[in-house]
Structure formats: C-alpha cells, structure tokens
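Printed here is target.pdb (PDB, C-alpha atoms and all ligand atoms):
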ATOM      1  CA  MET A   1      -9.455  -4.221  46.495  1.00  0.00           C
ATOM      2  CA  TYR A   2      -7.527  -5.209  43.337  1.00  0.00           C
ATOM      3  CA  SER A   3      -9.708  -8.264  42.764  1.00  0.00           C
ATOM      4  CA  LEU A   4     -12.824  -6.107  43.283  1.00  0.00           C
ATOM      5  CA  PHE A   5     -11.668  -3.679  40.547  1.00  0.00           C
ATOM      6  CA  SER A   6     -10.419  -6.368  38.196  1.00  0.00           C
ATOM      7  CA  GLY A   7     -13.740  -8.209  38.607  1.00  0.00           C
ATOM      8  CA  LEU A   8     -15.573  -4.971  37.777  1.00  0.00           C
ATOM      9  CA  PHE A   9     -13.423  -4.353  34.678  1.00  0.00           C
ATOM     10  CA  GLU A  10     -13.972  -7.893  33.485  1.00  0.00           C
ATOM     11  CA  ARG A  11     -17.702  -7.247  33.620  1.00  0.00           C
ATOM     12  CA  ILE A  12     -17.479  -3.875  31.840  1.00  0.00           C
ATOM     13  CA  LEU A  13     -14.949  -4.834  29.143  1.00  0.00           C
ATOM     14  CA  PRO A  14     -16.314  -7.087  26.404  1.00  0.00           C
ATOM     15  CA  GLU A  15     -14.719 -10.512  26.046  1.00  0.00           C
ATOM     16  CA  PRO A  16     -12.218 -10.533  23.157  1.00  0.00           C
ATOM     17  CA  ASP A  17     -13.293 -12.412  20.038  1.00  0.00           C
ATOM     18  CA  GLU A  18     -12.085 -16.002  19.833  1.00  0.00           C
ATOM     19  CA  PHE A  19     -11.297 -17.351  16.380  1.00  0.00           C
ATOM     20  CA  LYS A  20     -10.725 -21.001  15.521  1.00  0.00           C
ATOM     21  CA  ILE A  21      -7.966 -21.567  12.986  1.00  0.00           C
ATOM     22  CA  LEU A  22      -7.718 -24.918  11.243  1.00  0.00           C
ATOM     23  CA  ILE A  23      -4.217 -25.957  10.070  1.00  0.00           C
ATOM     24  CA  VAL A  24      -4.333 -28.560   7.298  1.00  0.00           C
ATOM     25  CA  GLY A  25      -2.120 -29.935   4.535  1.00  0.00           C
ATOM     26  CA  THR A  26      -0.757 -33.314   3.510  1.00  0.00           C
ATOM     27  CA  GLU A  27       1.442 -35.477   5.754  1.00  0.00           C
ATOM     28  CA  GLY A  28       4.852 -34.018   6.563  1.00  0.00           C
ATOM     29  CA  SER A  29       4.165 -30.599   5.008  1.00  0.00           C
ATOM     30  CA  GLY A  30       4.956 -28.875   8.328  1.00  0.00           C
ATOM     31  CA  LYS A  31       1.551 -28.259   9.994  1.00  0.00           C
ATOM     32  CA  SER A  32       2.694 -29.215  13.508  1.00  0.00           C
ATOM     33  CA  THR A  33       5.888 -27.190  13.060  1.00  0.00           C
ATOM     34  CA  VAL A  34       3.747 -24.168  12.129  1.00  0.00           C
ATOM     35  CA  LEU A  35       1.549 -24.763  15.204  1.00  0.00           C
ATOM     36  CA  GLU A  36       4.623 -25.024  17.462  1.00  0.00           C
ATOM     37  CA  ALA A  37       6.085 -21.839  15.953  1.00  0.00           C
ATOM     38  CA  MET A  38       2.791 -19.958  16.440  1.00  0.00           C
ATOM     39  CA  LYS A  39       2.601 -21.101  20.075  1.00  0.00           C
ATOM     40  CA  ASN A  40       6.200 -20.087  20.647  1.00  0.00           C
ATOM     41  CA  GLU A  41       5.848 -16.672  19.026  1.00  0.00           C
ATOM     42  CA  LEU A  42       2.454 -15.792  20.477  1.00  0.00           C
ATOM     43  CA  ASN A  43       2.690 -17.301  23.982  1.00  0.00           C
ATOM     44  CA  HIS A  44       6.426 -16.916  24.674  1.00  0.00           C
ATOM     45  CA  ASN A  45       7.244 -13.864  22.551  1.00  0.00           C
ATOM     46  CA  GLY A  46       9.545 -15.942  20.319  1.00  0.00           C
ATOM     47  CA  LYS A  47      11.868 -16.736  23.249  1.00  0.00           C
ATOM     48  CA  GLY A  48      11.153 -20.464  23.384  1.00  0.00           C
ATOM     49  CA  ARG A  49      12.424 -23.059  20.944  1.00  0.00           C
ATOM     50  CA  VAL A  50      10.414 -24.674  18.189  1.00  0.00           C
ATOM     51  CA  SER A  51      10.788 -28.246  19.377  1.00  0.00           C
ATOM     52  CA  GLN A  52      11.109 -31.229  17.066  1.00  0.00           C
ATOM     53  CA  VAL A  53       7.547 -32.383  16.427  1.00  0.00           C
ATOM     54  CA  GLN A  54       6.213 -35.946  16.401  1.00  0.00           C
ATOM     55  CA  PRO A  55       3.911 -37.248  13.642  1.00  0.00           C
ATOM     56  CA  THR A  56       0.334 -36.205  14.463  1.00  0.00           C
ATOM     57  CA  ALA A  57      -2.006 -39.116  15.235  1.00  0.00           C
ATOM     58  CA  GLY A  58      -5.249 -37.116  15.437  1.00  0.00           C
ATOM     59  CA  LEU A  59      -5.389 -33.506  16.543  1.00  0.00           C
ATOM     60  CA  ASN A  60      -3.012 -31.015  18.195  1.00  0.00           C
ATOM     61  CA  LEU A  61      -4.758 -28.111  19.857  1.00  0.00           C
ATOM     62  CA  SER A  62      -3.392 -24.867  21.225  1.00  0.00           C
ATOM     63  CA  ARG A  63      -4.868 -21.636  22.590  1.00  0.00           C
ATOM     64  CA  CYS A  64      -3.140 -18.270  22.183  1.00  0.00           C
ATOM     65  CA  ARG A  65      -4.476 -15.231  24.049  1.00  0.00           C
ATOM     66  CA  ASP A  66      -4.472 -11.560  23.059  1.00  0.00           C
ATOM     67  CA  VAL A  67      -3.256 -11.928  19.494  1.00  0.00           C
ATOM     68  CA  PHE A  68      -3.876  -8.495  17.927  1.00  0.00           C
ATOM     69  CA  GLY A  69      -6.784  -8.107  20.368  1.00  0.00           C
ATOM     70  CA  SER A  70      -8.353 -11.548  19.823  1.00  0.00           C
ATOM     71  CA  ASN A  71      -7.844 -15.049  21.156  1.00  0.00           C
ATOM     72  CA  LEU A  72      -6.930 -17.838  18.767  1.00  0.00           C
ATOM     73  CA  VAL A  73      -7.638 -21.541  19.049  1.00  0.00           C
ATOM     74  CA  LEU A  74      -5.324 -23.466  16.719  1.00  0.00           C
ATOM     75  CA  TRP A  75      -6.266 -26.917  15.463  1.00  0.00           C
ATOM     76  CA  ASP A  76      -3.588 -28.942  13.695  1.00  0.00           C
ATOM     77  CA  LEU A  77      -5.153 -31.979  12.033  1.00  0.00           C
ATOM     78  CA  GLY A  78      -3.241 -35.097  10.957  1.00  0.00           C
ATOM     79  CA  GLY A  79      -2.585 -35.234   7.187  1.00  0.00           C
ATOM     80  CA  ARG A  80      -2.352 -38.995   6.640  1.00  0.00           C
ATOM     81  CA  PRO A  81      -4.571 -40.053   3.694  1.00  0.00           C
ATOM     82  CA  SER A  82      -6.849 -41.953   6.106  1.00  0.00           C
ATOM     83  CA  LEU A  83      -7.315 -38.779   8.213  1.00  0.00           C
ATOM     84  CA  ILE A  84      -8.033 -36.285   5.387  1.00  0.00           C
ATOM     85  CA  PRO A  85     -11.760 -37.239   5.151  1.00  0.00           C
ATOM     86  CA  MET A  86     -12.072 -36.339   8.893  1.00  0.00           C
ATOM     87  CA  TRP A  87     -11.101 -32.694   8.276  1.00  0.00           C
ATOM     88  CA  SER A  88     -14.585 -31.815   7.053  1.00  0.00           C
ATOM     89  CA  LYS A  89     -16.000 -32.382  10.572  1.00  0.00           C
ATOM     90  CA  TYR A  90     -14.197 -29.181  11.626  1.00  0.00           C
ATOM     91  CA  PHE A  91     -14.992 -26.960   8.613  1.00  0.00           C
ATOM     92  CA  ARG A  92     -18.236 -25.412   9.871  1.00  0.00           C
ATOM     93  CA  GLU A  93     -16.682 -24.367  13.178  1.00  0.00           C
ATOM     94  CA  ALA A  94     -13.500 -22.976  11.641  1.00  0.00           C
ATOM     95  CA  ASP A  95     -13.167 -19.191  11.336  1.00  0.00           C
ATOM     96  CA  ALA A  96     -10.095 -19.469   9.076  1.00  0.00           C
ATOM     97  CA  LEU A  97      -8.027 -22.061   7.331  1.00  0.00           C
ATOM     98  CA  ILE A  98      -4.253 -22.426   6.991  1.00  0.00           C
ATOM     99  CA  TYR A  99      -3.159 -24.821   4.244  1.00  0.00           C
ATOM    100  CA  VAL A 100       0.527 -25.837   4.370  1.00  0.00           C
ATOM    101  CA  ILE A 101       2.288 -26.807   1.118  1.00  0.00           C
ATOM    102  CA  ASP A 102       5.559 -28.742   1.172  1.00  0.00           C
ATOM    103  CA  CYS A 103       7.249 -26.950  -1.741  1.00  0.00           C
ATOM    104  CA  SER A 104      10.211 -29.373  -1.571  1.00  0.00           C
ATOM    105  CA  SER A 105       8.117 -32.485  -2.227  1.00  0.00           C
ATOM    106  CA  SER A 106       8.009 -34.422  -5.505  1.00  0.00           C
ATOM    107  CA  ILE A 107       5.785 -33.442  -8.463  1.00  0.00           C
ATOM    108  CA  GLU A 108       3.469 -36.371  -7.609  1.00  0.00           C
ATOM    109  CA  GLU A 109       3.189 -35.359  -3.939  1.00  0.00           C
ATOM    110  CA  GLN A 110       2.504 -31.743  -4.868  1.00  0.00           C
ATOM    111  CA  ALA A 111      -0.141 -32.873  -7.373  1.00  0.00           C
ATOM    112  CA  HIS A 112      -1.792 -34.900  -4.582  1.00  0.00           C
ATOM    113  CA  SER A 113      -1.650 -31.944  -2.185  1.00  0.00           C
ATOM    114  CA  ARG A 114      -3.080 -29.628  -4.839  1.00  0.00           C
ATOM    115  CA  ALA A 115      -5.979 -32.012  -5.485  1.00  0.00           C
ATOM    116  CA  VAL A 116      -6.682 -32.122  -1.733  1.00  0.00           C
ATOM    117  CA  PHE A 117      -6.566 -28.308  -1.632  1.00  0.00           C
ATOM    118  CA  GLN A 118      -8.869 -27.890  -4.638  1.00  0.00           C
ATOM    119  CA  ASP A 119     -11.405 -30.214  -3.095  1.00  0.00           C
ATOM    120  CA  LEU A 120     -11.217 -28.239   0.126  1.00  0.00           C
ATOM    121  CA  VAL A 121     -11.717 -24.762  -1.383  1.00  0.00           C
ATOM    122  CA  THR A 122     -14.922 -25.893  -3.058  1.00  0.00           C
ATOM    123  CA  GLN A 123     -16.548 -27.232   0.128  1.00  0.00           C
ATOM    124  CA  GLU A 124     -19.900 -25.602   0.857  1.00  0.00           C
ATOM    125  CA  SER A 125     -19.153 -25.676   4.613  1.00  0.00           C
ATOM    126  CA  LEU A 126     -16.158 -23.362   4.033  1.00  0.00           C
ATOM    127  CA  THR A 127     -18.132 -20.664   2.222  1.00  0.00           C
ATOM    128  CA  GLY A 128     -16.573 -17.258   2.902  1.00  0.00           C
ATOM    129  CA  THR A 129     -13.886 -18.660   5.240  1.00  0.00           C
ATOM    130  CA  PRO A 130     -10.545 -16.785   4.982  1.00  0.00           C
ATOM    131  CA  CYS A 131      -7.839 -19.111   3.675  1.00  0.00           C
ATOM    132  CA  MET A 132      -4.083 -18.726   4.005  1.00  0.00           C
ATOM    133  CA  LEU A 133      -1.675 -20.791   1.914  1.00  0.00           C
ATOM    134  CA  ILE A 134       1.788 -21.377   3.344  1.00  0.00           C
ATOM    135  CA  GLY A 135       4.718 -22.229   1.082  1.00  0.00           C
ATOM    136  CA  ASN A 136       6.939 -24.281   3.383  1.00  0.00           C
ATOM    137  CA  LYS A 137      10.284 -26.129   3.217  1.00  0.00           C
ATOM    138  CA  CYS A 138      11.595 -24.044   0.328  1.00  0.00           C
ATOM    139  CA  GLY A 139      14.486 -21.592   0.658  1.00  0.00           C
ATOM    140  CA  ASP A 140      13.734 -19.904  -2.663  1.00  0.00           C
ATOM    141  CA  VAL A 141      10.861 -17.449  -2.361  1.00  0.00           C
ATOM    142  CA  SER A 142      10.357 -17.286  -6.156  1.00  0.00           C
ATOM    143  CA  ILE A 143       9.821 -21.085  -6.377  1.00  0.00           C
ATOM    144  CA  ALA A 144       7.354 -21.007  -3.472  1.00  0.00           C
ATOM    145  CA  THR A 145       5.523 -18.042  -5.017  1.00  0.00           C
ATOM    146  CA  THR A 146       5.290 -19.765  -8.417  1.00  0.00           C
ATOM    147  CA  VAL A 147       3.766 -22.845  -6.766  1.00  0.00           C
ATOM    148  CA  ALA A 148       1.248 -20.718  -4.851  1.00  0.00           C
ATOM    149  CA  ALA A 149       0.368 -18.485  -7.815  1.00  0.00           C
ATOM    150  CA  GLU A 150      -0.969 -21.532  -9.675  1.00  0.00           C
ATOM    151  CA  TRP A 151      -2.801 -22.850  -6.645  1.00  0.00           C
ATOM    152  CA  ILE A 152      -4.398 -19.608  -5.591  1.00  0.00           C
ATOM    153  CA  TYR A 153      -5.949 -18.966  -9.015  1.00  0.00           C
ATOM    154  CA  PRO A 154      -9.675 -19.238  -8.306  1.00  0.00           C
ATOM    155  CA  THR A 155     -11.546 -22.258  -9.621  1.00  0.00           C
ATOM    156  CA  PRO A 156     -15.153 -21.617 -10.778  1.00  0.00           C
ATOM    157  CA  ALA A 157     -16.609 -23.599  -7.873  1.00  0.00           C
ATOM    158  CA  GLN A 158     -14.457 -21.931  -5.221  1.00  0.00           C
ATOM    159  CA  THR A 159     -16.330 -21.181  -2.012  1.00  0.00           C
ATOM    160  CA  VAL A 160     -13.649 -20.016   0.432  1.00  0.00           C
ATOM    161  CA  GLY A 161     -13.356 -16.321   1.250  1.00  0.00           C
ATOM    162  CA  PRO A 162     -10.295 -14.032   0.997  1.00  0.00           C
ATOM    163  CA  MET A 163      -6.998 -15.775   0.268  1.00  0.00           C
ATOM    164  CA  SER A 164      -3.423 -14.953   1.156  1.00  0.00           C
ATOM    165  CA  PHE A 165      -0.032 -16.536   0.547  1.00  0.00           C
ATOM    166  CA  VAL A 166       2.952 -16.589   2.916  1.00  0.00           C
ATOM    167  CA  HIS A 167       6.412 -17.995   2.232  1.00  0.00           C
ATOM    168  CA  LEU A 168       8.188 -19.303   5.342  1.00  0.00           C
ATOM    169  CA  PRO A 169      12.016 -19.429   5.271  1.00  0.00           C
ATOM    170  CA  LEU A 170      13.714 -22.833   5.639  1.00  0.00           C
ATOM    171  CA  ASP A 171      15.255 -21.717   8.915  1.00  0.00           C
ATOM    172  CA  THR A 172      12.462 -21.833  11.511  1.00  0.00           C
ATOM    173  CA  THR A 173      14.361 -19.396  13.800  1.00  0.00           C
ATOM    174  CA  ARG A 174      13.519 -16.693  11.215  1.00  0.00           C
ATOM    175  CA  TRP A 175       9.786 -17.294  11.310  1.00  0.00           C
ATOM    176  CA  GLY A 176       8.836 -14.815  14.084  1.00  0.00           C
ATOM    177  CA  ARG A 177       8.051 -11.774  11.886  1.00  0.00           C
ATOM    178  CA  HIS A 178       6.194 -13.958   9.361  1.00  0.00           C
ATOM    179  CA  ILE A 179       4.078 -15.576  12.091  1.00  0.00           C
ATOM    180  CA  ARG A 180       3.099 -12.133  13.438  1.00  0.00           C
ATOM    181  CA  ASN A 181       2.117 -10.940   9.930  1.00  0.00           C
ATOM    182  CA  MET A 182       0.147 -14.142   9.347  1.00  0.00           C
ATOM    183  CA  CYS A 183      -1.761 -13.657  12.610  1.00  0.00           C
ATOM    184  CA  LYS A 184      -2.486 -10.017  11.795  1.00  0.00           C
ATOM    185  CA  TRP A 185      -4.017 -11.073   8.459  1.00  0.00           C
ATOM    186  CA  LEU A 186      -5.995 -13.908  10.069  1.00  0.00           C
ATOM    187  CA  VAL A 187      -7.397 -11.772  12.907  1.00  0.00           C
ATOM    188  CA  THR A 188      -8.257  -8.888  10.523  1.00  0.00           C
ATOM    189  CA  HIS A 189     -10.092 -11.145   8.081  1.00  0.00           C
ATOM    190  CA  CYS A 190     -11.857 -13.229  10.744  1.00  0.00           C
ATOM    191  CA  SER A 191     -13.082  -9.960  12.333  1.00  0.00           C
ATOM    192  CA  LEU A 192     -14.281  -8.633   8.953  1.00  0.00           C
ATOM    193  CA  VAL A 193     -16.180 -11.846   8.186  1.00  0.00           C
ATOM    194  CA  LYS A 194     -17.725 -11.767  11.674  1.00  0.00           C
ATOM    195  CA  GLN A 195     -18.864  -8.149  11.177  1.00  0.00           C
ATOM    196  CA  LEU A 196     -20.315  -8.975   7.751  1.00  0.00           C
ATOM    197  CA  ASN A 197     -22.268 -11.892   9.216  1.00  0.00           C
ATOM    198  CA  CYS A 198     -23.663  -9.850  12.133  1.00  0.00           C
TER     199      CYS A 198
HETATM  200  N1  LIG A 201      14.100 -27.245   7.910  1.00  0.00           N
HETATM  201  C1  LIG A 201      12.777 -27.265   7.985  1.00  0.00           C
HETATM  202  N2  LIG A 201      12.173 -28.402   8.380  1.00  0.00           N
HETATM  203  C2  LIG A 201      10.836 -28.395   8.478  1.00  0.00           C
HETATM  204  C3  LIG A 201      10.078 -27.235   8.167  1.00  0.00           C
HETATM  205  N3  LIG A 201       8.773 -27.518   8.361  1.00  0.00           N
HETATM  206  C4  LIG A 201       8.718 -28.813   8.767  1.00  0.00           C
HETATM  207  N4  LIG A 201       9.954 -29.351   8.840  1.00  0.00           N
HETATM  208  C5  LIG A 201      10.298 -30.732   9.225  1.00  0.00           C
HETATM  209  O1  LIG A 201       9.476 -31.613   8.441  1.00  0.00           O
HETATM  210  C6  LIG A 201       9.064 -32.733   9.209  1.00  0.00           C
HETATM  211  C7  LIG A 201       7.544 -32.844   9.190  1.00  0.00           C
HETATM  212  O2  LIG A 201       7.012 -31.702   9.837  1.00  0.00           O
HETATM  213  P1  LIG A 201       5.647 -31.779  10.660  1.00  0.00           P
HETATM  214  O3  LIG A 201       5.428 -30.407  11.236  1.00  0.00           O
HETATM  215  O4  LIG A 201       5.628 -32.940  11.581  1.00  0.00           O
HETATM  216  O5  LIG A 201       4.608 -32.048   9.467  1.00  0.00           O
HETATM  217  P2  LIG A 201       3.053 -32.372   9.542  1.00  0.00           P
HETATM  218  O6  LIG A 201       2.906 -33.837   9.271  1.00  0.00           O
HETATM  219  O7  LIG A 201       2.440 -31.557   8.437  1.00  0.00           O
HETATM  220  O8  LIG A 201       2.565 -31.969  10.892  1.00  0.00           O
HETATM  221  C8  LIG A 201       9.635 -32.531  10.629  1.00  0.00           C
HETATM  222  O9  LIG A 201      10.828 -33.268  10.712  1.00  0.00           O
HETATM  223  C9  LIG A 201       9.930 -31.040  10.674  1.00  0.00           C
HETATM  224  O10 LIG A 201      10.993 -30.762  11.558  1.00  0.00           O
HETATM  225  C10 LIG A 201      10.777 -26.059   7.719  1.00  0.00           C
HETATM  226  O11 LIG A 201      10.222 -25.028   7.379  1.00  0.00           O
HETATM  227  N5  LIG A 201      12.133 -26.118   7.671  1.00  0.00           N
HETATM  228 MG    MG A 202       1.656 -33.126  12.399  1.00  0.00          MG
END
Could the structure of this file be written out as structure tokens, please?
Ligand SMILES: Nc1nc2c(ncn2[C@@H]2O[C@H](COP(=O)(O)OP(=O)(O)O)[C@@H](O)[C@H]2O)c(=O)[nH]1
Ligand SMILES: [Mg+2]
Amino acid sequence: MYSLFSGLFERILPEPDEFKILIVGTEGSGKSTVLEAMKNELNHNGKGRVSQVQPTAGLNLSRCRDVFGSNLVLWDLGGRPSLIPMWSKYFREADALIYVIDCSSSIEEQAHSRAVFQDLVTQESLTGTPCMLIGNKCGDVSIATTVAAEWIYPTPAQTVGPMSFVHLPLDTTRWGRHIRNMCKWLVTHCSLVKQLNC
C-alpha cells in the first residue's frame, strides 16, 4: 500500500530542479575541500568529517539532494595550469560557478588566479551564470574582503550574471553555517535565472 501511494505522489509531485555547480580556481586554492565540506554539510547534516583531500587529477563529482528544495550536482575541476583550458567544456552546462581564491598565496599566485578569473567572467558561454567568489585560507575577513572587492568590480566585457562573495574561516569545522548560506544563494539565483529563461 505504501509503495502504491508513494508511487502516486512521485507522479503528482514535480521533480525538484537540479542545478549543476562548477567549482573552479587555481591549484591548491581549496576547491576539493569546499566540495568535501558541501557534501558533509548537505548529505550528513555536518556530522561527518571533512577528510584530507588528495590533489585532483581530473574531476570530482558529487550529488546533493533536497538542498533548499533543489538537487545540486557539484563538479570540482582540477586547477593545474594544464587543466584550466579544459574548464570551458563545462561552462555551457553549468547553472552556477564557484571560484575559490587562496587569499594566503603570494602576490604572483594571486595575480595569476585573478587573470584566470577575469578570463572566465568574460566567456560568452557563461553569459548570465550566477558566480560566487570564495575567499579561502585567510583568517582575517577584512583581508579576504579587500581581495574580493577588487576582483568583483565588473570589467566592461563581463558576461557572468549576479555575483556574491563569501569568506570562509580558516577552521573548516566552522564552515557549516557559511555552506548553508552559500547554497541558499546558489539555489535562489539558479532558480531566478531558470525562471527568466523560461
Ligand atoms: N586550514 C585550511 N586548510 C585548507 C583550507 N582549504 C584548503 N586547505 C588545504 O589546502 C590544501 C589544498 O586544498 P585542496 O582542496 O586540495 O585544493 P584544490 O587543489 O583547489 O582542490 C589541502 O591540504 C587542504 O587541506 C582552509 O580553509 N583551511
Ligand atoms: Mg582538488
């Protein structure tokens, strides 16, 4: 009887939206750590541990169900210089973009990451795509915000859609609330873009 009713409900209730979120950034910025933390918070209610991640060879993929009423597919792409040109293969399918900045890296490394980011936000295939910048590996919120404020300033050729900035504390055990807020923003903006395009 239960399976009869649940089958009926599944037919009546619409499938939740599924949004694909692309996590990019230069090597070692913390993309896989962000993916692990999202998985942990969304699939295990923050009760698991964010395990030590291994360098990403190609792609890490994870699916999270019922995140503020939608399902999320998370793609974490490798950030080695040889892999950066491959990112563009995923742009058209992506519903939103997360770009991770290592705010503790050297001036040269940050300049490289910023150049990669500026190239990305002017891609035609990312037109209108919501974009979230993450200031990572920096305990001082004002330093992370200063870095992001410069980056987020729109360039004339910018194509991406709404932008947001999130600072993540150094201690990954304190990320839970931030991850939830990030997901709320992502789901809200992906839904808005979907409605606008309907
Ligand atoms: N303490 C701390 N370590 C971090 C943080 N984010 C990343 N790491 C460490 O930085 C290294 C590279 O992170 P990883 O997620 O593999 O970077 P990716 O190459 O962008 O995927 C790993 O040793 C992580 O444990 C953070 O916010 N706090
Ligand atoms: Mg990685």
What are the nearest atom pairs, with distances in Å to one decimal, for all residues of chain A that come at most 12 Å from ligand MG 202 (chain A), using all atoms listed in the file, set out by chain and rising residue number as a Markdown table?
| residue | atom | partner | partner_atom | distance |
| --- | --- | --- | --- | --- |
| A:Ile23 | CA | A:MG202 | MG | 9.6 |
| A:Val24 | CA | A:MG202 | MG | 9.1 |
| A:Gly25 | CA | A:MG202 | MG | 9.3 |
| A:Thr26 | CA | A:MG202 | MG | 9.2 |
| A:Glu27 | CA | A:MG202 | MG | 7.1 |
| A:Gly28 | CA | A:MG202 | MG | 6.7 |
| A:Ser29 | CA | A:MG202 | MG | 8.2 |
| A:Gly30 | CA | A:MG202 | MG | 6.7 |
| A:Lys31 | CA | A:MG202 | MG | 5.4 |
| A:Ser32 | CA | A:MG202 | MG | 4.2 |
| A:Thr33 | CA | A:MG202 | MG | 7.3 |
| A:Val34 | CA | A:MG202 | MG | 9.2 |
| A:Leu35 | CA | A:MG202 | MG | 8.8 |
| A:Glu36 | CA | A:MG202 | MG | 10.0 |
| A:Gln52 | CA | A:MG202 | MG | 10.7 |
| A:Val53 | CA | A:MG202 | MG | 7.2 |
| A:Gln54 | CA | A:MG202 | MG | 6.7 |
| A:Pro55 | CA | A:MG202 | MG | 4.9 |
| A:Thr56 | CA | A:MG202 | MG | 3.9 |
| A:Ala57 | CA | A:MG202 | MG | 7.6 |
| A:Gly58 | CA | A:MG202 | MG | 8.5 |
| A:Leu59 | CA | A:MG202 | MG | 8.2 |
| A:Asn60 | CA | A:MG202 | MG | 7.7 |
| A:Leu61 | CA | A:MG202 | MG | 11.0 |
| A:Trp75 | CA | A:MG202 | MG | 10.5 |
| A:Asp76 | CA | A:MG202 | MG | 6.8 |
| A:Leu77 | CA | A:MG202 | MG | 6.9 |
| A:Gly78 | CA | A:MG202 | MG | 5.5 |
| A:Gly79 | CA | A:MG202 | MG | 7.0 |
| A:Arg80 | CA | A:MG202 | MG | 9.1 |
| A:Leu83 | CA | A:MG202 | MG | 11.4 |
| A:Val100 | CA | A:MG202 | MG | 10.9 |
* Can you tell me, as a PyMOL selection string, what residues are no more than 10 Å from Pro162 in chain A when counting only C-alpha atoms, ignoring any on the same chain fewer than 2 positions away? -> chain A and resi 96+128-132+159-160+164+189-190+193
* Asked: How many Å lie between atom C2 of ligand LIG 201 (chain A) and CA of Asn136 in chain A, rounded to one decimal?
  ->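 It comes out at 7.6 Å.
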* Spatial neighbours of Asp17 in chain A, max dist 9 Å, only C-alpha atoms, sep filter under 2 positions, as a list of chain:residue names -> A:Pro14, A:Glu15, A:Phe19, A:Gly69, A:Ser70, A:Asn71, A:Leu72, A:Ser191
* Hey, what's within 8 Å of range 139-149 of chain A if we count all atoms listed in the file and toss same-chain stuff fewer than 4 positions away? As a count of residues only, please? -> 8
If the PyMOL selection byres (((chain A and resi 38) around 12) and not hetatm) is run on the structure shown, which residues does it catch, given as a PDB file with C-alpha atoms, in the coordinates of the input?
ATOM      1  CA  ILE A  21      -7.966 -21.567  12.986  1.00  0.00           C
ATOM      2  CA  ILE A  23      -4.217 -25.957  10.070  1.00  0.00           C
ATOM      3  CA  LYS A  31       1.551 -28.259   9.994  1.00  0.00           C
ATOM      4  CA  SER A  32       2.694 -29.215  13.508  1.00  0.00           C
ATOM      5  CA  THR A  33       5.888 -27.190  13.060  1.00  0.00           C
ATOM      6  CA  VAL A  34       3.747 -24.168  12.129  1.00  0.00           C
ATOM      7  CA  LEU A  35       1.549 -24.763  15.204  1.00  0.00           C
ATOM      8  CA  GLU A  36       4.623 -25.024  17.462  1.00  0.00           C
ATOM      9  CA  ALA A  37       6.085 -21.839  15.953  1.00  0.00           C
ATOM     10  CA  LYS A  39       2.601 -21.101  20.075  1.00  0.00           C
ATOM     11  CA  ASN A  40       6.200 -20.087  20.647  1.00  0.00           C
ATOM     12  CA  GLU A  41       5.848 -16.672  19.026  1.00  0.00           C
ATOM     13  CA  LEU A  42       2.454 -15.792  20.477  1.00  0.00           C
ATOM     14  CA  ASN A  43       2.690 -17.301  23.982  1.00  0.00           C
ATOM     15  CA  HIS A  44       6.426 -16.916  24.674  1.00  0.00           C
ATOM     16  CA  ASN A  45       7.244 -13.864  22.551  1.00  0.00           C
ATOM     17  CA  GLY A  46       9.545 -15.942  20.319  1.00  0.00           C
ATOM     18  CA  LYS A  47      11.868 -16.736  23.249  1.00  0.00           C
ATOM     19  CA  GLY A  48      11.153 -20.464  23.384  1.00  0.00           C
ATOM     20  CA  ARG A  49      12.424 -23.059  20.944  1.00  0.00           C
ATOM     21  CA  VAL A  50      10.414 -24.674  18.189  1.00  0.00           C
ATOM     22  CA  SER A  51      10.788 -28.246  19.377  1.00  0.00           C
ATOM     23  CA  LEU A  61      -4.758 -28.111  19.857  1.00  0.00           C
ATOM     24  CA  SER A  62      -3.392 -24.867  21.225  1.00  0.00           C
ATOM     25  CA  ARG A  63      -4.868 -21.636  22.590  1.00  0.00           C
ATOM     26  CA  CYS A  64      -3.140 -18.270  22.183  1.00  0.00           C
ATOM     27  CA  ARG A  65      -4.476 -15.231  24.049  1.00  0.00           C
ATOM     28  CA  VAL A  67      -3.256 -11.928  19.494  1.00  0.00           C
ATOM     29  CA  LEU A  72      -6.930 -17.838  18.767  1.00  0.00           C
ATOM     30  CA  VAL A  73      -7.638 -21.541  19.049  1.00  0.00           C
ATOM     31  CA  LEU A  74      -5.324 -23.466  16.719  1.00  0.00           C
ATOM     32  CA  TRP A  75      -6.266 -26.917  15.463  1.00  0.00           C
ATOM     33  CA  ASP A  76      -3.588 -28.942  13.695  1.00  0.00           C
ATOM     34  CA  THR A 172      12.462 -21.833  11.511  1.00  0.00           C
ATOM     35  CA  THR A 173      14.361 -19.396  13.800  1.00  0.00           C
ATOM     36  CA  TRP A 175       9.786 -17.294  11.310  1.00  0.00           C
ATOM     37  CA  GLY A 176       8.836 -14.815  14.084  1.00  0.00           C
ATOM     38  CA  ARG A 177       8.051 -11.774  11.886  1.00  0.00           C
ATOM     39  CA  HIS A 178       6.194 -13.958   9.361  1.00  0.00           C
ATOM     40  CA  ILE A 179       4.078 -15.576  12.091  1.00  0.00           C
ATOM     41  CA  ARG A 180       3.099 -12.133  13.438  1.00  0.00           C
ATOM     42  CA  ASN A 181       2.117 -10.940   9.930  1.00  0.00           C
ATOM     43  CA  MET A 182       0.147 -14.142   9.347  1.00  0.00           C
ATOM     44  CA  CYS A 183      -1.761 -13.657  12.610  1.00  0.00           C
TER      45      CYS A 183
END
* Asked: Looking at all atoms listed in the file, which of A:Leu186, A:Leu120, A:Cys138, A:Val166 is the one that sits closest to ligand LIG 201 (chain A)?
  ->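 Under the stated criterion, the closest residue is A:Cys138.
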* Measure the distance from atom C1 of ligand LIG 201 (chain A) to CA of Asp171 in chain A in Å and round it to one decimal. =>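 Value for the atom C1 of ligand LIG 201 (chain A)-CA of Asp171 in chain A distance: 6.1 Å.
Interatomic distance, CA of Thr122 in chain A to CA of Gln158 in chain A: 4.5 Å.
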* Pick from A:Leu168, A:Ile152, A:Met86, A:Ala111: nearest to ligand LIG 201 (chain A), with all atoms listed in the file counted? ->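 Of A:Leu168, A:Ile152, A:Met86, A:Ala111, the one nearest ligand LIG 201 (chain A), counting all atoms listed in the file, is A:Leu168.
Of the residues under consideration (A:Pro154, A:Thr127, A:Lys184, A:Leu22), A:Leu22 shows the shortest atom-to-atom contact distance to Tyr99 in chain A when counting all atoms listed in the file.
Take the candidates A:Asp95, A:Asp102, A:Ile84, A:Lys20 and check each one against ligand LIG 201 (chain A) using all atoms listed in the file; the shortest distance goes to A:Asp102.
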As AutoDock Vina command-line options, what would the box around ligand LIG 201 (chain A) look like: edges along x, y and z, 6 Å added on every side, centre and edge lengths in Å to one decimal?
--center_x 8.3 --center_y -29.4 --center_z 9.5 --size_x 23.7 --size_y 20.8 --size_z 16.2
* Asked: Looking at all atoms listed in the file, which of A:Ile107, A:Met163, A:Ile134, A:Cys198 is the one that sits closest to ligand LIG 201 (chain A)?
  -> A:Ile134
Just write range 91-101 of chain A with C-alpha atoms, as a compact mmCIF listing (two decimals), in the first residue's frame, taken from the block above.
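Output contents, as saved in decode.txt:
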# COMPACT_ATOMS: atom_id res chain seq x y z
CA PHE A 91 30.63 26.18 -18.94
CA ARG A 92 27.51 25.80 -21.09
CA GLU A 93 26.07 23.09 -18.85
CA ALA A 94 26.84 24.89 -15.59
CA ASP A 95 23.97 26.63 -13.79
CA ALA A 96 26.35 28.44 -11.40
CA LEU A 97 30.02 28.92 -10.80
CA ILE A 98 32.04 28.90 -7.57
CA TYR A 99 35.51 30.43 -7.90
CA VAL A 100 37.85 29.73 -4.96
CA ILE A 101 40.62 32.25 -4.16
